[in-house]
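Asker: My structure is in start.csv, and what it holds is CSV, C-alpha atoms:
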```csv
chain,number,residue,atom,x,y,z
A,1,ALA,CA,20.0,-8.2,-1.3
A,2,LYS,CA,23.6,-8.1,-2.6
A,3,ASN,CA,22.4,-8.5,-6.2
A,4,PRO,CA,18.9,-7.0,-6.3
A,5,ILE,CA,16.8,-8.1,-9.3
A,6,ILE,CA,14.7,-4.9,-9.2
A,7,GLN,CA,16.8,-1.9,-10.3
A,8,PRO,CA,16.2,1.8,-9.4
A,9,ASP,CA,15.1,2.6,-13.0
A,10,TYR,CA,12.6,-0.3,-13.2
A,11,THR,CA,9.0,0.7,-14.0
A,12,PHE,CA,6.2,-1.1,-12.2
A,13,ARG,CA,5.6,-3.2,-15.3
A,14,GLN,CA,9.3,-4.3,-15.3
A,15,THR,CA,9.1,-4.9,-11.6
A,16,LEU,CA,5.9,-7.0,-11.9
A,17,ASP,CA,7.4,-8.8,-14.9
A,18,SER,CA,10.5,-9.8,-12.9
A,19,LYS,CA,8.5,-10.9,-9.8
A,20,LEU,CA,5.9,-12.8,-11.8
A,21,HIS,CA,8.7,-14.7,-13.7
A,22,ILE,CA,10.2,-15.9,-10.4
A,23,GLU,CA,6.8,-16.9,-9.0
A,24,MET,CA,5.5,-18.6,-12.1
A,25,GLU,CA,8.8,-20.4,-12.6
A,26,TYR,CA,8.4,-21.7,-9.1
A,27,LEU,CA,4.9,-22.8,-9.9
A,28,ASP,CA,6.0,-24.3,-13.2
A,29,CYS,CA,3.5,-22.3,-15.3
A,30,LEU,CA,5.7,-19.8,-17.2
A,31,ASN,CA,3.6,-20.3,-20.3
A,32,TYR,CA,1.0,-18.1,-18.7
A,33,HIS,CA,3.4,-15.4,-17.8
A,34,ASP,CA,2.7,-12.9,-20.6
A,35,GLN,CA,-1.0,-13.3,-20.3
A,36,VAL,CA,-1.0,-12.8,-16.6
A,37,LEU,CA,1.4,-9.9,-16.8
A,38,ASP,CA,-0.8,-8.0,-19.3
A,39,LEU,CA,-4.0,-8.7,-17.2
A,40,LEU,CA,-2.4,-7.5,-14.0
A,41,TYR,CA,-0.8,-4.4,-15.4
A,42,THR,CA,-4.1,-3.4,-17.1
A,43,GLU,CA,-5.9,-3.7,-13.8
A,44,VAL,CA,-3.1,-1.8,-12.0
A,45,CYS,CA,-3.4,1.1,-14.5
A,46,ARG,CA,-7.1,1.2,-14.1
A,47,HIS,CA,-7.0,1.2,-10.3
A,48,THR,CA,-4.1,3.6,-10.0
A,49,ALA,CA,-5.9,6.1,-12.2
A,50,GLU,CA,-8.8,6.0,-9.8
A,51,SER,CA,-6.5,6.4,-6.8
A,52,ARG,CA,-4.7,9.3,-8.4
A,53,ALA,CA,-7.9,11.2,-8.8
A,54,VAL,CA,-8.6,10.8,-5.1
A,55,LEU,CA,-5.1,11.7,-4.0
A,56,LEU,CA,-5.1,14.8,-6.1
A,57,GLN,CA,-8.2,16.0,-4.3
A,58,LEU,CA,-6.7,15.1,-0.9
A,59,LYS,CA,-3.5,17.0,-1.8
A,60,GLU,CA,-5.5,20.2,-2.0
A,61,ARG,CA,-6.5,19.8,1.6
A,62,VAL,CA,-3.8,18.1,3.6
A,63,PRO,CA,0.0,17.2,3.4
A,64,MET,CA,0.7,13.6,2.5
A,65,VAL,CA,3.6,11.2,2.8
A,66,LEU,CA,3.9,7.9,1.1
A,67,VAL,CA,5.3,5.0,3.2
A,68,SER,CA,6.2,1.9,1.2
A,69,ASN,CA,8.1,-1.4,1.3
A,70,PHE,CA,9.7,-1.1,-2.1
A,71,TYR,CA,13.0,-1.7,-3.9
A,72,GLY,CA,14.6,1.6,-4.5
A,73,ASN,CA,12.6,2.4,-7.7
A,74,ILE,CA,9.5,4.0,-6.2
A,75,SER,CA,10.2,7.3,-7.8
A,76,THR,CA,10.2,5.7,-11.2
A,77,VAL,CA,7.0,3.9,-10.5
A,78,LEU,CA,5.3,7.1,-9.3
A,79,ARG,CA,6.2,8.9,-12.5
A,80,GLU,CA,4.9,5.9,-14.5
A,81,PHE,CA,1.4,6.3,-13.1
A,82,GLY,CA,1.4,10.1,-12.7
A,83,PHE,CA,1.8,10.1,-8.9
A,84,ASP,CA,4.9,12.2,-9.0
A,85,GLY,CA,4.4,15.5,-7.2
A,86,ILE,CA,1.4,14.3,-5.2
A,87,PHE,CA,3.3,13.4,-2.0
A,88,ASP,CA,5.2,15.9,0.1
A,89,HIS,CA,7.6,13.2,1.2
A,90,ILE,CA,8.4,9.5,0.3
A,91,ILE,CA,9.6,7.0,2.9
A,92,GLU,CA,10.8,3.9,1.0
A,93,SER,CA,12.1,0.9,2.9
A,94,ALA,CA,15.0,0.2,0.6
A,95,VAL,CA,16.3,3.7,1.2
A,96,VAL,CA,15.7,4.2,4.9
A,97,GLY,CA,16.6,0.7,5.9
A,98,VAL,CA,13.4,0.0,7.9
A,99,ARG,CA,10.5,-2.1,6.7
A,100,LYS,CA,6.8,-2.5,7.7
A,101,PRO,CA,5.6,-3.8,10.1
A,102,ASP,CA,8.3,-2.0,12.1
A,103,PRO,CA,6.6,1.0,13.6
A,104,ARG,CA,9.7,3.1,13.1
A,105,ILE,CA,9.0,3.5,9.4
A,106,PHE,CA,5.7,5.2,10.3
A,107,GLN,CA,7.5,7.4,12.8
A,108,LEU,CA,9.7,8.5,9.9
A,109,GLY,CA,6.6,9.5,8.1
A,110,VAL,CA,5.3,11.5,11.0
A,111,GLU,CA,8.6,13.3,11.3
A,112,ALA,CA,8.6,14.1,7.5
A,113,LEU,CA,5.2,15.7,7.9
A,114,GLY,CA,6.4,17.8,10.8
A,115,MET,CA,3.4,16.9,12.9
A,116,LYS,CA,2.5,15.0,16.1
A,117,ALA,CA,1.6,11.3,15.6
A,118,ASP,CA,-2.0,11.8,16.8
A,119,GLU,CA,-2.4,14.5,14.0
A,120,VAL,CA,-1.6,11.9,11.4
A,121,THR,CA,-3.9,9.3,9.8
A,122,VAL,CA,-2.4,6.2,8.2
A,123,VAL,CA,-4.4,4.7,5.4
A,124,GLY,CA,-3.5,1.1,4.5
A,125,ASP,CA,-4.9,-2.2,3.4
A,126,SER,CA,-3.0,-4.5,5.8
A,127,ILE,CA,-4.1,-4.9,9.4
A,128,ASP,CA,-0.8,-6.6,10.4
A,129,LYS,CA,1.7,-4.5,8.4
A,130,ASP,CA,-0.1,-1.1,8.4
A,131,ILE,CA,-2.8,-0.7,11.0
A,132,ILE,CA,-1.3,-2.3,14.1
A,133,PRO,CA,2.3,-0.8,13.7
A,134,ALA,CA,0.8,2.6,12.8
A,135,HIS,CA,-1.2,2.5,16.1
A,136,ARG,CA,2.0,1.6,17.9
A,137,ALA,CA,3.6,4.7,16.4
A,138,GLY,CA,0.7,6.7,17.8
A,139,CYS,CA,-1.2,7.4,14.6
A,140,ASN,CA,-4.8,7.2,13.7
A,141,THR,CA,-5.7,4.6,11.1
A,142,VAL,CA,-8.1,3.9,8.2
A,143,TRP,CA,-8.1,0.3,6.9
A,144,ILE,CA,-9.1,-0.3,3.3
A,145,ARG,CA,-10.9,-3.6,3.0
A,146,GLY,CA,-9.7,-5.9,0.2
A,147,GLU,CA,-8.5,-9.3,-0.9
A,148,GLN,CA,-6.8,-11.1,2.0
A,149,TRP,CA,-4.6,-14.2,2.1
A,150,THR,CA,-7.3,-16.3,3.7
A,151,ASP,CA,-11.0,-16.3,4.4
A,152,ASP,CA,-10.4,-15.9,8.1
A,153,PRO,CA,-12.3,-13.0,9.6
A,154,VAL,CA,-10.4,-9.7,10.2
A,155,ASP,CA,-10.9,-7.7,13.3
A,156,GLU,CA,-11.8,-4.3,11.9
A,157,SER,CA,-11.9,-2.8,15.4
A,158,GLN,CA,-8.2,-2.6,15.3
A,159,ALA,CA,-8.5,0.3,12.9
A,160,ASN,CA,-10.2,3.6,13.8
A,161,LEU,CA,-12.2,3.4,10.6
A,162,ALA,CA,-12.7,0.8,7.8
A,163,ILE,CA,-13.6,1.7,4.3
A,164,ASP,CA,-14.1,-0.2,1.0
A,165,ASN,CA,-12.7,2.3,-1.4
A,166,LEU,CA,-10.2,5.2,-1.2
A,167,THR,CA,-12.9,7.5,-2.5
A,168,GLU,CA,-14.6,7.3,0.8
A,169,LEU,CA,-12.0,9.5,2.2
A,170,LEU,CA,-13.7,12.3,0.3
A,171,ASP,CA,-17.1,11.8,2.0
A,172,ASN,CA,-18.8,15.2,2.5
A,173,ASN,CA,-16.0,16.7,0.5
A,174,ASN,CA,-14.1,17.4,3.7
A,175,ILE,CA,-11.2,15.4,4.9
A,176,LYS,CA,-11.4,16.9,8.3
A,177,TYR,CA,-14.7,15.1,8.7
A,178,ILE,CA,-12.8,11.8,8.5
A,179,TYR,CA,-10.5,12.9,11.3
A,180,SER,CA,-13.4,13.9,13.6
A,181,LYS,CA,-15.2,10.7,12.7
A,182,LEU,CA,-12.3,8.6,13.9
A,183,SER,CA,-12.4,9.9,17.5
A,184,VAL,CA,-16.2,10.1,17.7
A,185,MET,CA,-17.2,6.7,16.1
A,186,LYS,CA,-14.6,4.6,17.9
A,187,GLN,CA,-14.6,6.6,21.1
A,188,THR,CA,-10.8,6.8,21.2
A,189,ASN,CA,-8.7,9.1,23.3
A,190,VAL,CA,-7.4,11.0,20.3
A,191,LYS,CA,-7.9,14.7,20.6
A,192,PRO,CA,-9.1,16.8,17.7
A,193,ALA,CA,-6.3,18.0,15.5
A,194,GLU,CA,-7.1,21.7,15.9
A,195,GLY,CA,-7.0,22.3,12.2
A,196,LYS,CA,-3.9,20.1,11.5
A,197,LEU,CA,-4.2,16.8,9.7
A,198,GLY,CA,-1.7,14.8,7.8
A,199,ILE,CA,-2.3,11.7,5.7
A,200,MET,CA,0.2,8.8,5.5
A,201,VAL,CA,-0.6,6.5,2.5
A,202,VAL,CA,1.1,3.1,2.7
A,203,GLY,CA,2.1,1.1,-0.3
A,204,CYS,CA,1.2,2.7,-3.6
A,205,GLY,CA,-2.6,2.4,-3.9
A,206,ALA,CA,-3.6,-0.3,-6.3
A,207,VAL,CA,0.0,-1.0,-7.3
A,208,ALA,CA,0.1,-3.3,-4.3
A,209,THR,CA,-0.4,-6.4,-6.5
A,210,THR,CA,2.7,-8.1,-5.1
A,211,PHE,CA,1.2,-11.6,-4.9
A,212,MET,CA,-2.2,-11.2,-6.5
A,213,THR,CA,-1.6,-14.2,-8.7
A,214,GLY,CA,-0.8,-16.4,-5.8
A,215,VAL,CA,-4.0,-15.4,-4.1
A,216,LEU,CA,-6.1,-16.1,-7.2
A,217,MET,CA,-4.4,-19.5,-7.8
A,218,THR,CA,-4.9,-20.5,-4.2
A,219,ARG,CA,-8.6,-19.6,-4.3
A,220,LYS,CA,-8.9,-21.8,-7.4
A,221,GLY,CA,-7.2,-24.7,-5.7
A,222,LEU,CA,-4.3,-24.7,-8.0
A,223,THR,CA,-1.5,-24.3,-5.5
A,224,LYS,CA,-0.3,-22.9,-2.2
A,225,PRO,CA,1.1,-19.4,-2.1
A,226,VAL,CA,4.9,-19.3,-1.7
A,227,GLY,CA,5.0,-16.0,0.2
A,228,SER,CA,5.2,-12.3,-0.5
A,229,MET,CA,7.7,-11.5,-3.2
A,230,THR,CA,8.9,-8.6,-1.2
A,231,GLN,CA,10.2,-11.2,1.2
A,232,TYR,CA,11.5,-13.6,-1.5
A,233,ASP,CA,15.2,-14.5,-0.9
A,234,LYS,CA,16.2,-13.2,-4.3
A,235,ILE,CA,14.6,-9.8,-4.0
A,236,ARG,CA,15.2,-7.1,-1.4
```
Show the structure stored in the file as structure tokens.
Answerer:
Amino acid sequence: AKNPIIQPDYTFRQTLDSKLHIEMEYLDCLNYHDQVLDLLYTEVCRHTAESRAVLLQLKERVPMVLVSNFYGNISTVLREFGFDGIFDHIIESAVVGVRKPDPRIFQLGVEALGMKADEVTVVGDSIDKDIIPAHRAGCNTVWIRGEQWTDDPVDESQANLAIDNLTELLDNNNIKYIYSKLSVMKQTNVKPAEGKLGIMVVGCGAVATTFMTGVLMTRKGLTKPVGSMTQYDKIR
């Protein structure tokens, strides 16, 4: 955007504040803005604390890169939640000029890790924006089940592995177990990594609450979602 609303020094709370204001103004319910903001941010803090604990353990075992569709302020957000220093590299769409679901953004993550694509496992919560393009880039994938836009069934077979919580990556206290599980369980053609394994985390864990209020309102029959705020015409 020529005049981006989200600035490089915006915290996640400021980012969420700005995005919620646009959305709730559109829905004509700004009187709920502060209440919803406090509710969402409290939940984000709780979930990111849980994600941080898992990522710190993973960091001791494997190199990690973060791939995110974000606005140029991801470093500020990472510091806000104590994620700074966890990732070896950060690939942010506003910086590199490529957005998910373009497979090229995952290829940049692979290059940053200095590995081959089939040595890298992409962990994400969107089949369309994470799992499918990551496979096209040649990576293995782990899909985190979660709230979806609709109740339509999701084809989990498109991911090498599906989990319900990030903590499941620590099963058996050995991340390499996850890698071997990918090729054995799904009978893929991926060869063992021979001791090398990289993790590509997409989004920013539980901070991916971009349009959570729209989903909740839709489920309550209040309105129809107006679209992802990352694609809103006023925001990059």
Asker: State, in Å with one decimal place, the distance from atom CA of Ile90 of chain A to atom CA of His21 of chain A.
Answerer: 28.0 Å
Asker: One number please: atom CA of Val62 of chain A to atom CA of Phe12 of chain A, in Å, one decimal.
Answerer: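 Interatomic distance here is 26.8 Å.
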Asker: Box along x, y and z, 4 Å on every side, all listed atoms of segment 115-120 of chain A inside: centre and edge lengths in Å to one decimal, as JSON.
Answerer:
```
{"center_x": 0.5, "center_y": 14.1, "center_z": 14.1, "size_x": 13.8, "size_y": 13.6, "size_z": 13.4}
```
Asker: For Tyr71 of chain A, which residue out of A:Phe83, A:Phe106, A:Tyr10, A:Tyr26 is the nearest one, using only C-alpha atoms?
Answerer: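 Looking at the shortest contact to Tyr71 of chain A, the residue is A:Tyr10.
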Asker: To one decimal in Å, tell me the separation between atom CA of His89 of chain A and atom CA of Gly138 of chain A.
Answerer: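 About the pair atom CA of His89 of chain A and atom CA of Gly138 of chain A: they are 19.1 Å apart.
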Asker: Between A:Leu37, A:Cys29, A:Val154, A:Ala137, which residue has the minimum interatomic distance to Asp17 of chain A, considering all atoms listed in the file?
Answerer: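 For Asp17 of chain A, the nearest of the candidates is A:Leu37.
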Asker: Ranking A:Gln35, A:Thr167, A:Glu43, A:Cys139 by minimum distance to Lys116 of chain A and counting all atoms listed in the file, which one comes first?
Answerer: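 The answer is A:Cys139, which sits nearest to Lys116 of chain A.
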Asker: Extract, using only C-alpha atoms, all DNA, RNA and protein residues at most 12 Å from Gly97 of chain A, discarding same-chain residues fewer than 5 positions from it, and format them as JSON, numbers by chain.
Answerer: {"A": [1, 68, 69, 70, 71, 72, 91, 92, 102, 104, 105, 108, 236]}
Asker: Quick one: write out the picked residues with C-alpha atoms as a PDB file, in the frame of the given file?
Answerer:
```pdb
ATOM      1  CA  ALA A   1      20.000  -8.200  -1.300  1.00  0.00           C
ATOM      2  CA  SER A  68       6.200   1.900   1.200  1.00  0.00           C
ATOM      3  CA  ASN A  69       8.100  -1.400   1.300  1.00  0.00           C
ATOM      4  CA  PHE A  70       9.700  -1.100  -2.100  1.00  0.00           C
ATOM      5  CA  TYR A  71      13.000  -1.700  -3.900  1.00  0.00           C
ATOM      6  CA  GLY A  72      14.600   1.600  -4.500  1.00  0.00           C
ATOM      7  CA  ILE A  91       9.600   7.000   2.900  1.00  0.00           C
ATOM      8  CA  GLU A  92      10.800   3.900   1.000  1.00  0.00           C
ATOM      9  CA  ASP A 102       8.300  -2.000  12.100  1.00  0.00           C
ATOM     10  CA  ARG A 104       9.700   3.100  13.100  1.00  0.00           C
ATOM     11  CA  ILE A 105       9.000   3.500   9.400  1.00  0.00           C
ATOM     12  CA  LEU A 108       9.700   8.500   9.900  1.00  0.00           C
ATOM     13  CA  ARG A 236      15.200  -7.100  -1.400  1.00  0.00           C
TER      14      ARG A 236
END
```
Asker: For the interface of segment 51-82 of chain A with segment 119-133 of chain A (cut-off 10 Å, counting all atoms listed in the file), please tabulate each contacting residue of segment 51-82 of chain A alongside its nearest pair of atoms and their separation in Å to one decimal, rows sorted by chain and increasing number, as a tab-separated table.
Answerer:
```
residue	atom	partner	partner_atom	distance
A:Pro63	CA	A:Val120	CA	9.7
A:Met64	CA	A:Val120	CA	9.3
A:Val65	CA	A:Val122	CA	9.5
A:Leu66	CA	A:Val122	CA	9.6
A:Val67	CA	A:Val122	CA	9.3
```
Asker: Considering all atoms listed in the file, state which residue in the set A:Glu147, A:Asp9, A:Asp171, A:Asp152 is at the smallest distance from Val77 of chain A.
Answerer: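 The closest residue to Val77 of chain A is A:Asp9.
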Asker: Which residues come within 8 Å of Asn165 of chain A, counting all atoms listed in the file, excluding same-chain residues fewer than 3 positions away, as a list in words?
Answerer: Ile144, Arg145 and Glu168 of chain A
Asker: Reconstruct segment 127-138 of chain A at the level of all heavy atoms, and format the result as a PDB file, keeping the file's coordinate frame.
Answerer:
```pdb
ATOM      1  N   ILE A 127      -3.929  -5.085   7.994  1.00  0.00           N
ATOM      2  CA  ILE A 127      -4.100  -4.900   9.400  1.00  0.00           C
ATOM      3  C   ILE A 127      -2.719  -5.124  10.129  1.00  0.00           C
ATOM      4  O   ILE A 127      -2.303  -4.333  10.984  1.00  0.00           O
ATOM      5  CB  ILE A 127      -5.102  -5.903  10.019  1.00  0.00           C
ATOM      6  CG1 ILE A 127      -6.520  -5.547   9.541  1.00  0.00           C
ATOM      7  CG2 ILE A 127      -5.044  -5.899  11.546  1.00  0.00           C
ATOM      8  CD1 ILE A 127      -7.078  -4.263  10.122  1.00  0.00           C
ATOM      9  N   ASP A 128      -2.019  -6.202   9.745  1.00  0.00           N
ATOM     10  CA  ASP A 128      -0.800  -6.600  10.400  1.00  0.00           C
ATOM     11  C   ASP A 128       0.391  -5.633  10.080  1.00  0.00           C
ATOM     12  O   ASP A 128       1.191  -5.282  10.952  1.00  0.00           O
ATOM     13  CB  ASP A 128      -0.382  -8.000  10.070  1.00  0.00           C
ATOM     14  CG  ASP A 128      -1.363  -9.011  10.632  1.00  0.00           C
ATOM     15  OD1 ASP A 128      -1.990  -8.723  11.667  1.00  0.00           O
ATOM     16  OD2 ASP A 128      -1.511 -10.095  10.031  1.00  0.00           O
ATOM     17  N   LYS A 129       0.512  -5.240   8.804  1.00  0.00           N
ATOM     18  CA  LYS A 129       1.700  -4.500   8.400  1.00  0.00           C
ATOM     19  C   LYS A 129       1.428  -2.951   8.401  1.00  0.00           C
ATOM     20  O   LYS A 129       2.383  -2.171   8.406  1.00  0.00           O
ATOM     21  CB  LYS A 129       2.105  -4.879   6.980  1.00  0.00           C
ATOM     22  CG  LYS A 129       2.701  -6.268   6.927  1.00  0.00           C
ATOM     23  CD  LYS A 129       3.265  -6.572   5.548  1.00  0.00           C
ATOM     24  CE  LYS A 129       3.932  -7.930   5.513  1.00  0.00           C
ATOM     25  NZ  LYS A 129       4.506  -8.228   4.172  1.00  0.00           N
ATOM     26  N   ASP A 130       0.167  -2.540   8.400  1.00  0.00           N
ATOM     27  CA  ASP A 130      -0.100  -1.100   8.400  1.00  0.00           C
ATOM     28  C   ASP A 130      -0.813  -0.620   9.641  1.00  0.00           C
ATOM     29  O   ASP A 130      -0.305   0.263  10.331  1.00  0.00           O
ATOM     30  CB  ASP A 130      -1.048  -0.785   7.160  1.00  0.00           C
ATOM     31  CG  ASP A 130      -0.432  -1.159   5.831  1.00  0.00           C
ATOM     32  OD1 ASP A 130       0.808  -1.104   5.725  1.00  0.00           O
ATOM     33  OD2 ASP A 130      -1.176  -1.512   4.908  1.00  0.00           O
ATOM     34  N   ILE A 131      -1.945  -1.209   9.937  1.00  0.00           N
ATOM     35  CA  ILE A 131      -2.800  -0.700  11.000  1.00  0.00           C
ATOM     36  C   ILE A 131      -2.191  -0.857  12.394  1.00  0.00           C
ATOM     37  O   ILE A 131      -2.060   0.107  13.165  1.00  0.00           O
ATOM     38  CB  ILE A 131      -4.201  -1.329  10.947  1.00  0.00           C
ATOM     39  CG1 ILE A 131      -4.831  -1.134   9.567  1.00  0.00           C
ATOM     40  CG2 ILE A 131      -5.085  -0.748  12.051  1.00  0.00           C
ATOM     41  CD1 ILE A 131      -4.895   0.318   9.111  1.00  0.00           C
ATOM     42  N   ILE A 132      -1.805  -2.069  12.731  1.00  0.00           N
ATOM     43  CA  ILE A 132      -1.300  -2.300  14.100  1.00  0.00           C
ATOM     44  C   ILE A 132       0.031  -1.551  14.338  1.00  0.00           C
ATOM     45  O   ILE A 132       0.146  -0.853  15.360  1.00  0.00           O
ATOM     46  CB  ILE A 132      -1.051  -3.838  14.287  1.00  0.00           C
ATOM     47  CG1 ILE A 132      -2.410  -4.551  14.321  1.00  0.00           C
ATOM     48  CG2 ILE A 132      -0.275  -4.101  15.588  1.00  0.00           C
ATOM     49  CD1 ILE A 132      -2.312  -6.061  14.446  1.00  0.00           C
ATOM     50  N   PRO A 133       1.034  -1.608  13.442  1.00  0.00           N
ATOM     51  CA  PRO A 133       2.300  -0.800  13.700  1.00  0.00           C
ATOM     52  C   PRO A 133       2.039   0.670  13.668  1.00  0.00           C
ATOM     53  O   PRO A 133       2.719   1.406  14.392  1.00  0.00           O
ATOM     54  CB  PRO A 133       3.212  -1.291  12.596  1.00  0.00           C
ATOM     55  CG  PRO A 133       2.347  -1.849  11.532  1.00  0.00           C
ATOM     56  CD  PRO A 133       1.185  -2.459  12.236  1.00  0.00           C
ATOM     57  N   ALA A 134       1.089   1.141  12.876  1.00  0.00           N
ATOM     58  CA  ALA A 134       0.800   2.600  12.800  1.00  0.00           C
ATOM     59  C   ALA A 134       0.222   3.035  14.172  1.00  0.00           C
ATOM     60  O   ALA A 134       0.541   4.125  14.664  1.00  0.00           O
ATOM     61  CB  ALA A 134      -0.162   2.900  11.697  1.00  0.00           C
ATOM     62  N   HIS A 135      -0.641   2.208  14.760  1.00  0.00           N
ATOM     63  CA  HIS A 135      -1.200   2.500  16.100  1.00  0.00           C
ATOM     64  C   HIS A 135      -0.051   2.549  17.127  1.00  0.00           C
ATOM     65  O   HIS A 135      -0.033   3.405  18.016  1.00  0.00           O
ATOM     66  CB  HIS A 135      -2.239   1.508  16.498  1.00  0.00           C
ATOM     67  CG  HIS A 135      -3.618   1.855  16.057  1.00  0.00           C
ATOM     68  ND1 HIS A 135      -4.230   3.045  16.381  1.00  0.00           N
ATOM     69  CD2 HIS A 135      -4.517   1.184  15.289  1.00  0.00           C
ATOM     70  CE1 HIS A 135      -5.438   3.087  15.860  1.00  0.00           C
ATOM     71  NE2 HIS A 135      -5.636   1.966  15.181  1.00  0.00           N
ATOM     72  N   ARG A 136       0.876   1.638  16.988  1.00  0.00           N
ATOM     73  CA  ARG A 136       2.000   1.600  17.900  1.00  0.00           C
ATOM     74  C   ARG A 136       2.857   2.858  17.806  1.00  0.00           C
ATOM     75  O   ARG A 136       3.513   3.275  18.767  1.00  0.00           O
ATOM     76  CB  ARG A 136       2.835   0.351  17.686  1.00  0.00           C
ATOM     77  CG  ARG A 136       2.147  -0.934  18.133  1.00  0.00           C
ATOM     78  CD  ARG A 136       2.944  -2.171  17.764  1.00  0.00           C
ATOM     79  NE  ARG A 136       2.279  -3.388  18.232  1.00  0.00           N
ATOM     80  CZ  ARG A 136       2.618  -4.610  17.855  1.00  0.00           C
ATOM     81  NH1 ARG A 136       3.642  -4.781  17.018  1.00  0.00           N
ATOM     82  NH2 ARG A 136       1.964  -5.662  18.323  1.00  0.00           N
ATOM     83  N   ALA A 137       2.844   3.438  16.614  1.00  0.00           N
ATOM     84  CA  ALA A 137       3.600   4.700  16.400  1.00  0.00           C
ATOM     85  C   ALA A 137       2.791   5.895  16.864  1.00  0.00           C
ATOM     86  O   ALA A 137       3.298   7.016  16.831  1.00  0.00           O
ATOM     87  CB  ALA A 137       3.938   4.829  14.917  1.00  0.00           C
ATOM     88  N   GLY A 138       1.540   5.664  17.306  1.00  0.00           N
ATOM     89  CA  GLY A 138       0.700   6.700  17.800  1.00  0.00           C
ATOM     90  C   GLY A 138      -0.206   7.399  16.858  1.00  0.00           C
ATOM     91  O   GLY A 138      -0.812   8.435  17.171  1.00  0.00           O
TER      92      GLY A 138
END
```
